[in-house]
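So this one's coords.cif, mmCIF, C-alpha atoms:
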```cif
data_my_file
loop_
_atom_site.label_atom_id
_atom_site.label_comp_id
_atom_site.auth_asym_id
_atom_site.auth_seq_id
_atom_site.Cartn_x
_atom_site.Cartn_y
_atom_site.Cartn_z
CA LYS Q 7 80.67 97.87 61.16
CA ILE Q 8 84.35 97.91 60.13
CA GLY Q 9 85.14 96.49 56.73
CA LEU Q 10 88.19 96.35 54.50
CA GLY Q 11 88.40 98.82 51.64
CA THR Q 12 90.55 97.67 48.71
CA TRP Q 13 90.62 100.63 46.31
CA GLN Q 14 94.11 101.07 44.80
CA ASN Q 15 95.25 97.75 46.29
CA THR Q 16 96.01 95.21 43.58
CA GLY Q 17 97.94 92.05 42.80
CA THR Q 18 99.65 89.89 45.40
CA ALA Q 19 99.69 92.75 47.90
CA CYS Q 20 95.89 92.86 47.76
CA THR Q 21 95.62 89.10 48.14
CA GLU Q 22 97.85 89.17 51.21
CA THR Q 23 95.97 92.13 52.69
CA VAL Q 24 92.63 90.36 52.37
CA ARG Q 25 93.99 87.13 53.83
CA THR Q 26 95.60 88.99 56.74
CA ALA Q 27 92.48 91.05 57.42
CA LEU Q 28 90.29 87.96 57.55
CA ASP Q 29 92.78 86.22 59.84
CA LEU Q 30 92.64 89.28 62.15
CA GLY Q 31 88.86 89.08 62.37
CA TYR Q 32 87.52 91.23 59.53
CA ARG Q 33 84.38 89.77 57.98
CA HIS Q 34 83.44 92.54 55.53
CA VAL Q 35 85.43 93.05 52.30
CA ASP Q 36 84.68 95.71 49.69
CA THR Q 37 85.81 95.68 46.06
CA ALA Q 38 84.54 96.85 42.65
CA GLN Q 39 84.75 95.99 38.98
CA VAL Q 40 86.77 99.12 38.23
CA TYR Q 41 89.34 98.45 41.00
CA ASP Q 42 90.91 95.72 38.83
CA ASN Q 43 91.46 93.58 41.93
CA GLU Q 44 88.48 91.23 42.13
CA ARG Q 45 90.71 88.25 41.31
CA ALA Q 46 93.20 89.22 44.01
CA VAL Q 47 90.40 89.74 46.53
CA GLY Q 48 88.96 86.34 45.71
CA GLU Q 49 92.35 84.69 46.09
CA GLY Q 50 92.74 86.33 49.50
CA ILE Q 51 89.35 85.00 50.57
CA ALA Q 52 90.26 81.53 49.34
CA ALA Q 53 93.60 81.63 51.18
CA ALA Q 54 92.07 82.61 54.52
CA ASP Q 55 90.86 80.06 57.04
CA VAL Q 56 87.36 81.55 57.09
CA ASP Q 57 84.19 80.07 55.62
CA ARG Q 58 82.85 81.98 52.63
CA ASP Q 59 79.41 82.22 54.25
CA ASP Q 60 80.95 84.08 57.21
CA ILE Q 61 82.24 86.85 54.92
CA PHE Q 62 80.20 89.84 53.74
CA LEU Q 63 81.53 90.54 50.25
CA THR Q 64 80.61 93.67 48.29
CA THR Q 65 81.33 94.56 44.68
CA LYS Q 66 80.11 97.35 42.44
CA VAL Q 67 78.91 97.67 38.84
CA TRP Q 68 80.85 100.36 37.00
CA ARG Q 69 78.89 103.19 35.40
CA SER Q 70 79.68 102.04 31.83
CA ASN Q 71 77.99 98.69 32.60
CA LEU Q 72 74.58 99.91 33.78
CA ARG Q 73 72.49 98.76 30.83
CA ARG Q 74 70.54 95.62 31.66
CA GLU Q 75 72.56 93.18 29.55
CA ALA Q 76 75.84 94.63 30.77
CA VAL Q 77 74.80 94.41 34.42
CA VAL Q 78 73.96 90.72 34.06
CA SER Q 79 77.05 89.78 32.03
CA THR Q 80 79.60 91.78 34.02
CA VAL Q 81 78.31 90.61 37.39
CA GLN Q 82 78.60 87.02 36.20
CA GLU Q 83 82.16 87.85 35.15
CA SER Q 84 82.82 89.38 38.57
CA LEU Q 85 81.62 86.23 40.31
CA ALA Q 86 83.88 84.09 38.14
CA THR Q 87 86.83 86.41 38.75
CA LEU Q 88 86.20 86.49 42.50
CA GLY Q 89 85.81 82.71 42.52
CA VAL Q 90 82.52 82.86 44.43
CA ASP Q 91 78.96 81.75 43.76
CA TYR Q 92 77.38 84.98 45.00
CA VAL Q 93 78.12 88.39 46.46
CA ASP Q 94 76.44 89.61 49.61
CA LEU Q 95 75.98 93.15 48.33
CA LEU Q 96 75.97 94.53 44.78
CA LEU Q 97 76.16 98.30 44.34
CA ILE Q 98 75.67 100.70 41.47
CA HIS Q 99 79.08 102.40 41.70
CA TRP Q 100 77.99 105.82 40.42
CA PRO Q 101 74.67 107.14 39.09
CA HIS Q 102 74.61 107.76 35.34
CA PRO Q 103 72.75 110.79 33.93
CA ARG Q 104 71.74 108.94 30.76
CA VAL Q 105 70.75 105.58 32.25
CA PRO Q 106 67.52 105.58 34.27
CA VAL Q 107 68.21 103.99 37.64
CA GLU Q 108 65.32 101.58 37.09
CA GLU Q 109 67.28 99.72 34.42
CA PRO Q 110 70.32 98.55 36.42
CA LEU Q 111 68.20 97.98 39.53
CA ALA Q 112 65.80 95.72 37.60
CA ALA Q 113 68.77 93.68 36.34
CA MET Q 114 70.25 93.55 39.85
CA ALA Q 115 66.90 92.38 41.25
CA GLU Q 116 66.87 89.64 38.63
CA LEU Q 117 70.33 88.52 39.77
CA ARG Q 118 69.05 88.55 43.35
CA GLU Q 119 66.15 86.28 42.39
CA ARG Q 120 68.67 83.90 40.78
CA GLY Q 121 70.68 83.74 44.01
CA LEU Q 122 73.78 85.42 42.57
CA VAL Q 123 73.33 88.52 44.73
CA GLU Q 124 72.02 88.68 48.29
CA HIS Q 125 71.38 92.43 48.64
CA LEU Q 126 71.14 95.53 46.45
CA GLY Q 127 72.61 98.96 47.09
CA VAL Q 128 74.07 102.09 45.55
CA SER Q 129 77.19 104.21 45.90
CA ASN Q 130 77.79 107.94 45.55
CA PHE Q 131 74.05 108.65 45.46
CA THR Q 132 72.73 111.89 46.90
CA ARG Q 133 69.66 111.92 49.11
CA SER Q 134 67.31 112.61 46.17
CA GLN Q 135 69.02 110.00 44.00
CA LEU Q 136 68.80 107.46 46.82
CA ARG Q 137 65.10 108.18 47.28
CA ALA Q 138 64.53 107.65 43.55
CA ALA Q 139 66.44 104.38 43.63
CA ASP Q 140 64.52 103.16 46.66
CA ASP Q 141 61.25 103.91 44.85
CA ALA Q 142 62.39 102.27 41.59
CA VAL Q 143 62.64 98.64 42.69
CA ASP Q 144 60.62 96.26 44.86
CA ALA Q 145 63.74 94.69 46.37
CA PRO Q 146 65.07 96.71 49.29
CA ILE Q 147 68.01 99.08 48.86
CA VAL Q 148 70.13 98.25 51.90
CA ALA Q 149 73.13 100.60 51.59
CA ASP Q 150 74.49 103.81 50.10
CA GLN Q 151 78.30 103.93 50.06
CA VAL Q 152 79.60 107.50 50.09
CA LEU Q 153 82.59 109.63 51.01
CA TYR Q 154 82.25 110.23 54.75
CA HIS Q 155 84.86 111.29 57.28
CA PRO Q 156 85.30 113.96 60.00
CA TYR Q 157 85.74 116.72 57.40
CA LYS Q 158 82.81 115.67 55.17
CA ASP Q 159 79.33 116.40 56.51
CA GLN Q 160 76.82 113.72 55.54
CA SER Q 161 74.30 114.41 58.31
CA ALA Q 162 71.33 115.07 56.00
CA LEU Q 163 71.95 111.89 54.02
CA ARG Q 164 72.53 109.92 57.22
CA GLU Q 165 69.24 111.11 58.70
CA TYR Q 166 67.41 110.00 55.56
CA CYS Q 167 69.13 106.61 55.69
CA VAL Q 168 68.20 106.12 59.36
CA ASP Q 169 64.55 106.90 58.59
CA ALA Q 170 64.58 104.59 55.55
CA GLY Q 171 66.43 101.73 57.25
CA ILE Q 172 69.37 102.01 54.84
CA ALA Q 173 72.99 101.59 55.93
CA LEU Q 174 75.41 104.41 55.17
CA THR Q 175 78.84 103.00 54.29
CA ALA Q 176 81.72 105.45 54.68
CA TYR Q 177 84.56 105.10 52.20
CA SER Q 178 87.84 106.98 52.70
CA PRO Q 179 86.83 107.28 56.38
CA LEU Q 180 90.33 108.50 57.30
CA ALA Q 181 90.16 111.28 54.69
CA ARG Q 182 93.04 109.67 52.77
CA GLY Q 183 95.30 110.04 55.78
CA ARG Q 184 94.42 113.64 56.73
CA VAL Q 185 93.03 112.55 60.11
CA LEU Q 186 96.40 111.12 61.12
CA GLY Q 187 97.82 114.56 61.78
CA ASP Q 188 94.70 116.12 63.29
CA ASP Q 189 95.54 117.76 66.63
CA LEU Q 190 91.99 117.62 67.99
CA LEU Q 191 91.61 113.92 67.18
CA ALA Q 192 95.03 113.33 68.76
CA ARG Q 193 93.98 115.09 71.97
CA ILE Q 194 90.76 113.05 72.12
CA GLY Q 195 92.74 109.87 71.46
CA ASP Q 196 95.16 110.63 74.27
CA ARG Q 197 92.29 110.34 76.77
CA TYR Q 198 91.63 106.76 75.69
CA ASP Q 199 95.08 105.64 74.54
CA ARG Q 200 93.86 105.58 70.94
CA THR Q 201 95.23 107.00 67.68
CA PRO Q 202 93.58 109.80 65.70
CA ALA Q 203 92.59 107.21 63.07
CA GLN Q 204 90.89 105.07 65.70
CA VAL Q 205 89.00 108.11 67.04
CA ALA Q 206 87.78 108.97 63.52
CA LEU Q 207 86.61 105.41 62.91
CA ARG Q 208 84.93 105.18 66.30
CA TRP Q 209 83.09 108.46 65.63
CA LEU Q 210 81.70 106.95 62.42
CA VAL Q 211 80.67 103.50 63.59
CA GLN Q 212 79.03 104.68 66.82
CA GLN Q 213 76.49 106.50 64.60
CA ASP Q 214 73.27 104.63 63.93
CA GLY Q 215 73.47 102.69 60.68
CA VAL Q 216 76.98 103.80 59.71
CA VAL Q 217 79.62 101.33 58.48
CA ALA Q 218 83.25 102.26 57.70
CA ILE Q 219 85.60 100.58 55.22
CA PRO Q 220 89.13 101.92 55.83
CA LYS Q 221 91.93 100.79 53.55
CA SER Q 222 95.26 99.58 54.87
CA THR Q 223 97.96 97.14 53.80
CA SER Q 224 99.92 97.04 57.08
CA ARG Q 225 99.02 94.26 59.51
CA ASP Q 226 99.42 96.64 62.45
CA HIS Q 227 97.19 99.29 60.89
CA LEU Q 228 94.62 96.66 59.92
CA ALA Q 229 94.52 95.53 63.53
CA ASP Q 230 94.32 99.10 64.83
CA ASN Q 231 91.43 99.94 62.51
CA LEU Q 232 89.48 96.89 63.62
CA ALA Q 233 90.13 97.73 67.27
#
```
Whole structure given in C-alpha cells:
Amino acid sequence: KIGLGTWQNTGTACTETVRTALDLGYRHVDTAQVYDNERAVGEGIAAADVDRDDIFLTTKVWRSNLRREAVVSTVQESLATLGVDYVDLLLIHWPHPRVPVEEPLAAMAELRERGLVEHLGVSNFTRSQLRAADDAVDAPIVADQVLYHPYKDQSALREYCVDAGIALTAYSPLARGRVLGDDLLARIGDRYDRTPAQVALRWLVQQDGVVAIPKSTSRDHLADNLA
C-alpha cells in the first residue's frame, strides 16, 4: 500500500534511500528507465538485508522505447542495470499517440511469458486509454500509476479501476510538498497526533485499490510515511 518513489533521486543518495527504506520495512520500490537511477536502486536493494523475492519492484518503459524491439531490448537492459532477474511490475510510462498500445503490451506479455516480468501495467493513462489497454492484451493489466493527491480528483478513474480489479497507484501523493502546509490536513492530524503528510497518505491508502508511492530521502520522513 505504501511504496517508495524514487523520481529525482539518483546516485549514492538514492542507493542509501532504498537501503534505508527496506530496512525500515518498505517492500515496494518504484523506478523507471528515464529516472536514470535503476543502477542506484538495484544497489540499494542488494545492500539491504531483505530477500529479493520479498520486494515488489516496479520499473517503466519510456515512451521513446515503445516499439516491440525497443521494449524487449531496453527491459533486458533495465534488468541488467538493476541487477535483478525479473521485475514484479512493468509499466508503460506514458501513452504515445503514434504507437498503438497493442505493440508495447504484446512485447511486455512476451517478457512475462519468459519470466522476466511478473505483471503488466500502465502509467498516466486516462480511463478510456486504460480501457483500451485492458482490451488489447490477454495478460491482465494490474495497475495504472497516475498523479493523485488531495488536490487532484481521480474519482472517475478510481471507480473504473475498482470495477476492473486494477490497482490505482498514486505518484506525488503529497502534491510535491503542498500538503505539508495545509491547515485542514493539520487540524485533522492534530486529532490523531499525525502530520498533514500522514493524513494525506492515509486518505489515499484507505481507498479501495489505491497504493501510494511517496518520495523521501530523510530516514525520519521515510518512517513517518510508512506509519
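You can rank Q:Val128, Q:Val56, Q:Ala38, Q:Leu28 by their closest distance to Gln14 of chain Q using all atoms listed in the file, and at the top of that list sits Q:Ala38.
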Neighbours of segment 190-203 of chain Q within 12 Å (all atoms listed in the file; same-chain residues fewer than 2 positions away dropped), as an NGL selection string? :Q and (155-157 or 178-188 or 205-210 or 218 or 220-222 or 227-233)
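Distance-wise, atom CA of Glu49 of chain Q and atom CA of Asp94 of chain Q end up 17.0 Å apart.
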Would you mind listing what lies within 10 Å of segment 163-170 of chain Q as an MDAnalysis selection string, with only C-alpha atoms counted and same-chain residues fewer than 4 positions away left out? chainID Q and resid 131:134 136:137 140 147:150 152 159 174:175 213:216
Give the answer as one residue: which of Q:Pro103, Q:Thr16, Q:Val47, Q:Ala53 has the shortest atom-to-atom distance to Arg69 of chain Q, using all atoms listed in the file?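 Closest to Arg69 of chain Q, using all atoms listed in the file: Q:Pro103.
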Counting all atoms listed in the file, the option among Q:Lys7, Q:Ala46, Q:Ala115, Q:Tyr32 closest to Ala19 of chain Q: Q:Ala46
